[in-house]
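Only one structure is covered here, and it is reproduced in the block below.
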Amino acid sequence: MTQDIREQVRARYALAAVQGSGDAGCCGGGCGPSDVVVDERFGASLYDEQDAAAVPAEALAASLGCGNPLMVAELREGERVLDLGSGGGIDVLLSARRVGPTGFAYGVDMTDEMLDLARANAAKAGATNAEFRKGTIEDLPLDDASVDVVISNCVVNLSPDKPAVLAEAFRVLVPGGRFGISDVVAEDHLTPEQRAERGSYVGCIAGALSRAEYLDGLAAAGFVDAEVQFTHAVADGMHGAIVRARKPEPEES
């Protein structure tokens, strides 16, 4: 089952990369049942004009997310940033600009077609402080305590093993590091079956955690100061959300 879900996600995002448009993608791109109304603000429209103008058009077109994680994470100059499920590279390229030449931005994606697109976009943007690595977000190809910030844009909900994702994010963060992502989150009263009725797994709906499940999962991984803030509705009882947490310093443990 886990491998089936991962392959469905990989195949759909490969199609999005090849076609070069968010309309071919998943979140808000018609992957769910036709009678489910998904908020139209998925994708490129969630970036302001300044950010949109700062990256290649291909990177913007391939944005399939449900928010703008750069606004969530409050990136600072000199920081090392990791984007989980980096897709066409928009958030990595924008992060690289935010952290400047003394910082660095990594992207991890499992889809070869998306990695090819992201690397081409990085070359077009002249980004020398960005790197894209192949891997899954459940088994990140980075060393322990190697980044200051973990971001992600509507990808964690797609994982069939979310505890592994949160544990890996915790592992690669330095003590005091920040977890700041955009994701789809369900209201607590919705059962997994009810979430599945509202949209498909690859459509960023069926696999979404509830707010309580997210907070419990972050705590289980070791994070502190966790919060989940709904931002906009994407289906009945389902929301785009900001998810934040922090890896404690050793003296806090």
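We label chains A, B, ... in the order they appear in the structure tokens, count residues from 1 in each chain, and number ligands from 1 in the order shown.
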Find the residues around Gly89 (chain A) up to 8 Å (only C-alpha atoms counted), leave out those fewer than 3 positions away in its own chain, and share them as a list of chain:residue names.
A:Ala59, A:Ser86, A:Val92, A:Leu93, A:Gly107, A:Leu117, A:Ala118, A:Arg119, A:Asn121, A:Ala122
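Comparing the minimum interatomic distances between Val234 (chain A) and each of A:Glu249, A:Glu138, A:Glu187, A:Glu213, counting only C-alpha atoms, we find that A:Glu187 sits nearest.
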Selected residue of minimal separation from Ala196 (chain A) among A:Asp116, A:Pro141, A:Asp236, A:Thr111, counting only C-alpha atoms
A:Asp236
Taking the DSSP assignment computed from this structure's backbone, write out as a CSV table (one decimal) with C-alpha atoms, in the first residue's frame all residues of region 57-250 of chain A that belong to strand (DSSP E).
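Listed below is the output, selection-v3.csv:
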chain,number,residue,atom,x,y,z
A,80,ARG,CA,20.8,26.6,5.4
A,81,VAL,CA,17.4,25.6,4.2
A,82,LEU,CA,15.9,22.3,3.1
A,83,ASP,CA,12.7,22.0,1.0
A,84,LEU,CA,10.9,18.7,1.3
A,104,PHE,CA,22.4,27.6,1.1
A,105,ALA,CA,19.2,26.0,-0.1
A,106,TYR,CA,18.7,22.3,-0.7
A,107,GLY,CA,15.8,20.6,-2.4
A,108,VAL,CA,14.9,16.9,-2.1
A,109,ASP,CA,12.5,15.2,-4.5
A,130,ALA,CA,21.1,25.8,-4.4
A,131,GLU,CA,21.3,22.1,-4.9
A,132,PHE,CA,18.7,19.4,-5.7
A,133,ARG,CA,19.1,15.9,-4.4
A,134,LYS,CA,17.2,12.7,-5.3
A,147,VAL,CA,20.2,22.6,8.1
A,148,ASP,CA,18.7,25.5,10.1
A,149,VAL,CA,15.3,25.5,8.6
A,150,VAL,CA,13.0,22.8,7.0
A,151,ILE,CA,10.3,24.1,4.7
A,152,SER,CA,7.7,22.3,2.5
A,173,LEU,CA,17.8,20.2,11.8
A,174,VAL,CA,20.4,21.8,14.1
A,175,PRO,CA,19.4,22.3,17.7
A,176,GLY,CA,17.1,25.4,17.7
A,177,GLY,CA,16.3,24.8,14.1
A,178,ARG,CA,12.9,25.7,12.7
A,179,PHE,CA,10.2,23.6,10.9
A,180,GLY,CA,7.9,25.8,9.0
A,181,ILE,CA,5.7,24.4,6.2
A,182,SER,CA,2.5,24.8,4.3
A,183,ASP,CA,0.2,21.8,4.2
A,184,VAL,CA,-3.4,20.6,3.9
A,185,VAL,CA,-4.8,19.8,7.3
A,186,ALA,CA,-8.2,18.4,8.3
A,209,LEU,CA,-3.5,14.8,9.0
A,210,SER,CA,-5.9,16.4,11.4
A,224,VAL,CA,8.5,21.9,20.7
A,225,ASP,CA,6.4,25.1,20.3
A,226,ALA,CA,4.3,23.3,17.7
A,227,GLU,CA,1.3,25.2,16.1
A,228,VAL,CA,-1.1,24.6,13.2
A,229,GLN,CA,-2.9,27.6,11.9
A,230,PHE,CA,-5.6,27.2,9.2
A,231,THR,CA,-5.3,29.8,6.4
A,232,HIS,CA,-8.0,28.9,3.8
A,233,ALA,CA,-10.5,26.2,3.0
A,234,VAL,CA,-9.7,23.7,0.3
A,235,ALA,CA,-12.6,21.3,0.8
A,238,MET,CA,-10.1,20.7,5.0
A,239,HIS,CA,-7.8,23.7,5.1
A,240,GLY,CA,-4.5,25.0,3.7
A,241,ALA,CA,-2.5,25.5,6.9
A,242,ILE,CA,0.7,26.9,8.3
A,243,VAL,CA,2.6,24.3,10.5
A,244,ARG,CA,5.4,25.5,12.7
A,245,ALA,CA,7.6,23.9,15.3
A,246,ARG,CA,11.2,24.0,16.7
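The nearest approach to Pro101 (chain A) among the residues A:Gly217, A:Gly88, A:Gly135, A:Gly78, with only C-alpha atoms taken into account, belongs to A:Gly78.
If only C-alpha atoms are the atoms counted, then among A:Val172, A:Glu193, A:Ala167, A:Glu7 the closest residue to Met110 (chain A) is A:Glu7.
For the atom pair formed by CA of Gly87 (chain A) and CA of Arg198 (chain A), the distance is 24.4 Å, given to one decimal.
The smallest atom-to-atom distance between Gly237 (chain A) and any of A:Leu215, A:Leu94, A:Ala220, A:Leu190, using only C-alpha atoms, is found for A:Leu190.
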Quick one: pick out all alpha helix (DSSP H) residues within region 112-198 of chain A from a backbone DSSP run and write them as a ChimeraX atom specification.
/A:112-125,162-172,192-197
Could you save those same residues with C-alpha atoms as a CSV table (one decimal), in the first residue's frame?
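Final file, part16.csv:
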chain,number,residue,atom,x,y,z
A,112,ASP,CA,13.5,12.4,-11.8
A,113,GLU,CA,11.5,14.6,-14.1
A,114,MET,CA,11.0,17.2,-11.4
A,115,LEU,CA,14.7,17.1,-10.5
A,116,ASP,CA,15.6,17.8,-14.1
A,117,LEU,CA,13.2,20.7,-14.3
A,118,ALA,CA,14.4,22.1,-11.0
A,119,ARG,CA,18.1,21.9,-12.0
A,120,ALA,CA,17.3,23.6,-15.3
A,121,ASN,CA,15.4,26.3,-13.5
A,122,ALA,CA,18.4,26.8,-11.1
A,123,ALA,CA,20.7,27.2,-14.1
A,124,LYS,CA,18.4,29.8,-15.7
A,125,ALA,CA,18.2,31.7,-12.4
A,162,LYS,CA,4.3,10.9,8.1
A,163,PRO,CA,6.0,9.9,11.4
A,164,ALA,CA,9.1,9.1,9.3
A,165,VAL,CA,8.9,12.5,7.6
A,166,LEU,CA,8.7,14.4,10.9
A,167,ALA,CA,11.5,12.2,12.4
A,168,GLU,CA,13.8,12.9,9.5
A,169,ALA,CA,13.0,16.6,9.5
A,170,PHE,CA,14.0,16.6,13.2
A,171,ARG,CA,17.2,14.7,12.5
A,172,VAL,CA,18.5,17.0,9.9
A,192,PRO,CA,-9.8,9.3,7.6
A,193,GLU,CA,-12.7,7.8,5.6
A,194,GLN,CA,-14.4,11.2,5.5
A,195,ARG,CA,-11.2,12.9,4.3
A,196,ALA,CA,-11.0,10.3,1.5
A,197,GLU,CA,-14.5,11.2,0.4
